[in-house]
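Down below is the structure, laid out as C-alpha cells.
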There are 2 protein chains.
Amino acid sequence: MQISSRFSVAVHVLALLATHRPTDGLLTSERMAGSVNTNPVVIRRILGQLKKAGLVEVRPASGGTFLSRQPAAISLLDVYRATEVVEAGQLFSIHEQPNPACPVGRNIQAALNDTLQRAQAALEQQLATVTLQQVALDIVARTAVGVG
Amino acid sequence: MQISSRFSVAVHVLALLATHRPTDGLLTSERMAGSVNTNPVVIRRILGQLKKAGLVEVRPASGGTFLSRQPAAISLLDVYRATEVVEAGQLFSIHEQPNPACPVGRNIQAALNDTLQRAQAALEQQLATVTLQQVALDIVARTAVGVG
DNA sequence: GCAGCTGTAACCAAGTAGATTACAACAAGG
DNA sequence: CCTTGTTGTAATCTACTTGGTTACAGCTGC
C-alpha cells in the first residue's frame, strides 16, 4: 500500500504556482491538469484541500490561483497534512480487535503505539525540512540543464 | 491511506512466539488466529512471508512454529520488510505521467524523489531501533500490571 | 447578458485488503 | 497402514479507496 499520489500532485501544483509568471496568463485548473496530466476536477479537489489549509487562494469564478505564503514558508509537511493522505497519527494501521483474553492480544496495541508514532514522526520531520522554494529551485535548476 | 495491518499482525504473531512456553502446547495457526481475532488462513499467509524472510521456521504438517533467531536479533524493520507492506523504496507514490512539455512536469519526479526517499528512510531507521525482544518485554510488563 | 471558471455531487472502473471456503499435501501416532 | 490434524495455497467475496469522468449550479468580470 502506498501513500496516495494526491500528495505529489499537490506539490506539483504548488511548484507550478511558485514558478509561474503573471505574464504567462492565468493558471487555471485546466492548465494545471495539463501539466500533471490528469482531469481538471482532480486538480480542483486538491486545490480545495490546499485552500482549506490556507496554502493557496483561489479566485472563484474568474480563474487564477495564488500562493498564500512565500514558497520558503511552505514545507512539504504542510502539503502532506493539507492533502490528508493520512489521518493525523494514523500512518500505520493496527488490527482492531485482538483477543483480550490473551496477554499479547490485550497489550499489543499499547506496546506498538509509541513505536509507530515515533516512526511516523521521523518521516514527518524529514518532510518538514524541505520547503516548496527548495523544490521549485531544484526544478528550475534541472530545467536549465535540460535546456542547455 | 494506511500501511496494511499485516505488519502489526506479524508483530503480534512474533510476540506470541517470543513469549510462548513449550509447556503450553503447540502454537498452531488456529490458536494464533484466536489471539489476533482473525482467520487462520490470514495467519498462515503472514507466516509464509515471515518464513521466506528467515524470521521463523514452520513445521509443515505437524503444527508448531518457532523463531529462527533470538527476539533481540529481530527488529521491527525486519518485520516491516518481511511483510512487504510497501515495495522497497515506494512508500510514496508519484503521479506517473506528468506532461514532459512543461518544465515542472518534466522535473517534478526527480525533484521529489530524493526527499521522499529520505523521509521513508527516516521512518525505517526508527523501526530498526526497536527489537522484538523490547516489544515482548513491554507486553509482559503490561500484563503483570494488568494482573496485579 | 454572456463566456469562462470554480465548487461539488454523483458515478464508474480498477486495485487492494482482509475474510472465508475448499482442498491438496504431508507428518505423527496408534 | 490409515486416521487425524496441520500447513500451504488457490479461488472467491465483500468492502473500501483512488483517480477519472460527467454534469451542473454558482459566480465573476467584461
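If you're wondering about the labels, chains in the C-alpha cells are A, B, ... by order shown, residues count from 1 in each chain, ligands from 1 in order shown.
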
Segment 6-21 of chain C: which residues within 7 Å, counting only C-alpha atoms (C1' of nucleotides), same-chain residues fewer than 5 positions away excluded, as a PyMOL selection string? (chain A and resi 60-61) or (chain B and resi 39)

For all heavy atoms, I'd like the residues from the last selection saved as a PDB file, in the first residue's frame.
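The resulting file, out.pdb, is shown below:
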ATOM      1  N   PRO A  60     -12.649  32.490  -7.217  1.00  0.00           N
ATOM      2  CA  PRO A  60     -13.713  31.518  -7.512  1.00  0.00           C
ATOM      3  C   PRO A  60     -14.087  31.354  -8.975  1.00  0.00           C
ATOM      4  O   PRO A  60     -14.041  30.262  -9.486  1.00  0.00           O
ATOM      5  CB  PRO A  60     -14.898  32.041  -6.707  1.00  0.00           C
ATOM      6  CG  PRO A  60     -14.284  32.795  -5.590  1.00  0.00           C
ATOM      7  CD  PRO A  60     -13.038  33.412  -6.160  1.00  0.00           C
ATOM      8  N   ALA A  61     -14.471  32.379  -9.624  1.00  0.00           N
ATOM      9  CA  ALA A  61     -15.059  32.176 -10.936  1.00  0.00           C
ATOM     10  C   ALA A  61     -14.185  32.692 -12.063  1.00  0.00           C
ATOM     11  O   ALA A  61     -14.217  32.188 -13.178  1.00  0.00           O
ATOM     12  CB  ALA A  61     -16.423  32.861 -11.006  1.00  0.00           C
TER      13      ALA A  61
ATOM     14  N   ASN B  39      -8.856 -14.859  10.788  1.00  0.00           N
ATOM     15  CA  ASN B  39      -8.964 -16.191  10.220  1.00  0.00           C
ATOM     16  C   ASN B  39      -7.585 -16.865  10.168  1.00  0.00           C
ATOM     17  O   ASN B  39      -6.595 -16.205   9.851  1.00  0.00           O
ATOM     18  CB  ASN B  39      -9.553 -16.061   8.817  1.00  0.00           C
ATOM     19  CG  ASN B  39      -9.999 -17.395   8.260  1.00  0.00           C
ATOM     20  OD1 ASN B  39      -9.170 -18.216   7.889  1.00  0.00           O
ATOM     21  ND2 ASN B  39     -11.294 -17.610   8.225  1.00  0.00           N
TER      22      ASN B  39
END

Open item on the list: Can you pull out every residue from chain B that DSSP, working from the backbone, puts in alpha helix (DSSP H), and format the result as a PyMOL selection string?
Closed with: chain B and resi 6-19+29-36+40-52+76-83+103-128+132-147

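When only C-alpha atoms (C1' of nucleotides) are used to measure the gap to chain D, the shortest distance among B:Gln97, B:Ser8, B:Ser62, B:Ser29 belongs to B:Ser62.
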
Of the candidates A:Leu91, A:Val11, A:Val56, A:Val41, which one gets nearest to Gln133 of chain A if we count only C-alpha atoms?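 Counting only C-alpha atoms, the residue closest to Gln133 of chain A is A:Val11.
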
For chain C against chain B, with a cut-off of 7 Å and counting only C-alpha atoms (C1' of nucleotides), what is the closest atom pair and its distance in Å to one decimal for every residue that makes the cut, ordered by chain and number, as a Markdown table?
| residue | atom | partner | partner_atom | distance |
| --- | --- | --- | --- | --- |
| C:DA19 | C1' | B:Asn39 | CA | 6.6 |
| C:DC26 | C1' | B:Ala61 | CA | 5.7 |
| C:DA27 | C1' | B:Ala61 | CA | 5.3 |
| C:DA28 | C1' | B:Ser62 | CA | 6.9 |

Export of the given selection (N, CA, C and O atoms (P, O5', C5', C4', C3', O3' and C1' of nucleotides)) as a CSV table (one decimal), in the first residue's frame:
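See again21.csv below for the written result:
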chain,number,residue,atom,x,y,z
C,19,DA,P,-9.2,-10.2,8.7
C,19,DA,O5',-10.4,-11.0,7.8
C,19,DA,C5',-11.6,-10.3,7.7
C,19,DA,C4',-12.6,-11.3,7.1
C,19,DA,C3',-12.6,-12.7,7.8
C,19,DA,O3',-14.0,-13.1,8.0
C,19,DA,C1',-12.2,-12.9,5.5
C,26,DC,P,3.7,-34.1,-0.5
C,26,DC,O5',3.9,-34.2,1.1
C,26,DC,C5',4.0,-33.0,1.9
C,26,DC,C4',3.7,-33.3,3.3
C,26,DC,C3',4.3,-34.6,3.8
C,26,DC,O3',4.9,-34.4,5.0
C,26,DC,C1',2.0,-34.4,4.5
C,27,DA,P,6.3,-35.3,5.3
C,27,DA,O5',6.5,-35.1,6.9
C,27,DA,C5',6.1,-33.9,7.5
C,27,DA,C4',5.5,-34.1,8.8
C,27,DA,C3',6.1,-35.2,9.6
C,27,DA,O3',6.3,-34.8,11.0
C,27,DA,C1',3.8,-35.6,9.4
C,28,DA,P,7.1,-35.6,12.0
C,28,DA,O5',6.0,-36.3,12.9
C,28,DA,C5',5.0,-35.5,13.4
C,28,DA,C4',4.0,-36.3,14.2
C,28,DA,C3',4.7,-37.5,14.9
C,28,DA,O3',4.1,-37.6,16.2
C,28,DA,C1',2.9,-38.3,13.5

Report, in Å to a single decimal, how far apart atom CA of His12 of chain B and atom CA of Ala121 of chain B are.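 Computed distance, atom CA of Ala121 of chain B to atom CA of His12 of chain B, equals 23.6 Å.
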
TODO: Give the strand (DSSP E or B) residues of segment 5-114 of chain B, as DSSP finds them on the backbone, and put them as a list in words.
DONE: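 Of segment 5-114 of chain B, the ones in strand (DSSP E or B) are Val56, Glu57, Val58, Thr65, Phe66, Leu67, Ser75 and Phe92 of chain B.
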
Those residues you just picked out, can you put them in a file as a compact mmCIF listing (two decimals), in the first residue's frame with C-alpha atoms?
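Contents of the output file result_21.txt:
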# COMPACT_ATOMS: atom_id res chain seq x y z
CA VAL B 56 10.50 -18.17 11.64
CA GLU B 57 10.51 -21.88 10.96
CA VAL B 58 7.27 -23.73 10.45
CA THR B 65 6.14 -22.52 14.57
CA PHE B 66 9.40 -21.28 16.07
CA LEU B 67 11.53 -18.18 15.86
CA SER B 75 14.00 -5.67 14.54
CA PHE B 92 5.15 7.42 -1.57

Neighbours of chain B in chain D at 10 Å, counting only C-alpha atoms (C1' of nucleotides), as a ChimeraX atom specification
/D:5-9,17-18

Non-local contacts of Leu55 of chain B (6 Å; only C-alpha atoms (C1' of nucleotides); under 4 positions in same chain excluded) as number ranges by chain: B: 50-51, 68

Got time to write the residues from that selection, C-alpha atoms, as an mmCIF file, in the first residue's frame?
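The result, written out as selection_1.cif:
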data_model
loop_
_atom_site.group_PDB
_atom_site.id
_atom_site.type_symbol
_atom_site.label_atom_id
_atom_site.label_comp_id
_atom_site.auth_asym_id
_atom_site.auth_seq_id
_atom_site.Cartn_x
_atom_site.Cartn_y
_atom_site.Cartn_z
ATOM 1 C CA LEU B 50 7.978 -14.380 7.765
ATOM 2 C CA LYS B 51 9.323 -17.787 6.809
ATOM 3 C CA SER B 68 14.653 -18.632 13.753
#

Correct to one decimal, the distance atom CA of Gln2 of chain B-atom CA of Ile94 of chain B is 16.3 Å

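Omitting Val135 of chain B and its sequence neighbours fewer than 4 positions away, and counting only C-alpha atoms (C1' of nucleotides), the residues within 8 Å are A:Ala111, A:Leu112, B:Ala15, B:Val130, B:Thr131, B:Ile139.
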
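You can rank A:Ala101, A:Ala72, A:Ile3, A:Leu26 by their closest distance to chain B using only C-alpha atoms, and at the top of that list sits A:Ile3.
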
Of A:Ala136, A:Thr19, A:Ser35, A:Ala10, the one sitting nearest chain B when using only C-alpha atoms is A:Ser35

**Q.** Selection: 12 Å around DC1 of chain D, only C-alpha atoms (C1' of nucleotides), excl. self and same-chain fewer than 2 positions, as an MDAnalysis selection string
**A.** (chainID C and resid 29:30) or (chainID D and resid 3)

Output file for the residues above (N, CA, C and O atoms (P, O5', C5', C4', C3', O3' and C1' of nucleotides), as an mmCIF file, in the first residue's frame):
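Result file follows (out37.cif):
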data_model
loop_
_atom_site.group_PDB
_atom_site.id
_atom_site.type_symbol
_atom_site.label_atom_id
_atom_site.label_comp_id
_atom_site.auth_asym_id
_atom_site.auth_seq_id
_atom_site.Cartn_x
_atom_site.Cartn_y
_atom_site.Cartn_z
ATOM 1 P P DG C 29 4.654 -38.642 17.293
ATOM 2 O "O5'" DG C 29 3.339 -39.476 17.616
ATOM 3 C "C5'" DG C 29 2.099 -38.781 17.784
ATOM 4 C "C4'" DG C 29 0.944 -39.765 17.841
ATOM 5 C "C3'" DG C 29 1.258 -41.035 18.628
ATOM 6 O "O3'" DG C 29 0.141 -41.378 19.434
ATOM 7 C "C1'" DG C 29 0.659 -41.593 16.396
ATOM 8 P P DG C 30 0.299 -42.557 20.467
ATOM 9 O "O5'" DG C 30 -0.643 -43.662 19.820
ATOM 10 C "C5'" DG C 30 -2.033 -43.357 19.668
ATOM 11 C "C4'" DG C 30 -2.675 -44.343 18.719
ATOM 12 C "C3'" DG C 30 -2.642 -45.794 19.209
ATOM 13 O "O3'" DG C 30 -3.941 -46.353 19.110
ATOM 14 C "C1'" DG C 30 -1.799 -45.656 17.010
ATOM 15 P P DT D 3 -8.789 -44.930 7.503
ATOM 16 O "O5'" DT D 3 -9.176 -44.150 8.839
ATOM 17 C "C5'" DT D 3 -8.635 -44.603 10.087
ATOM 18 C "C4'" DT D 3 -8.147 -43.419 10.898
ATOM 19 C "C3'" DT D 3 -8.901 -42.110 10.660
ATOM 20 O "O3'" DT D 3 -9.284 -41.584 11.924
ATOM 21 C "C1'" DT D 3 -6.567 -41.743 10.538
#
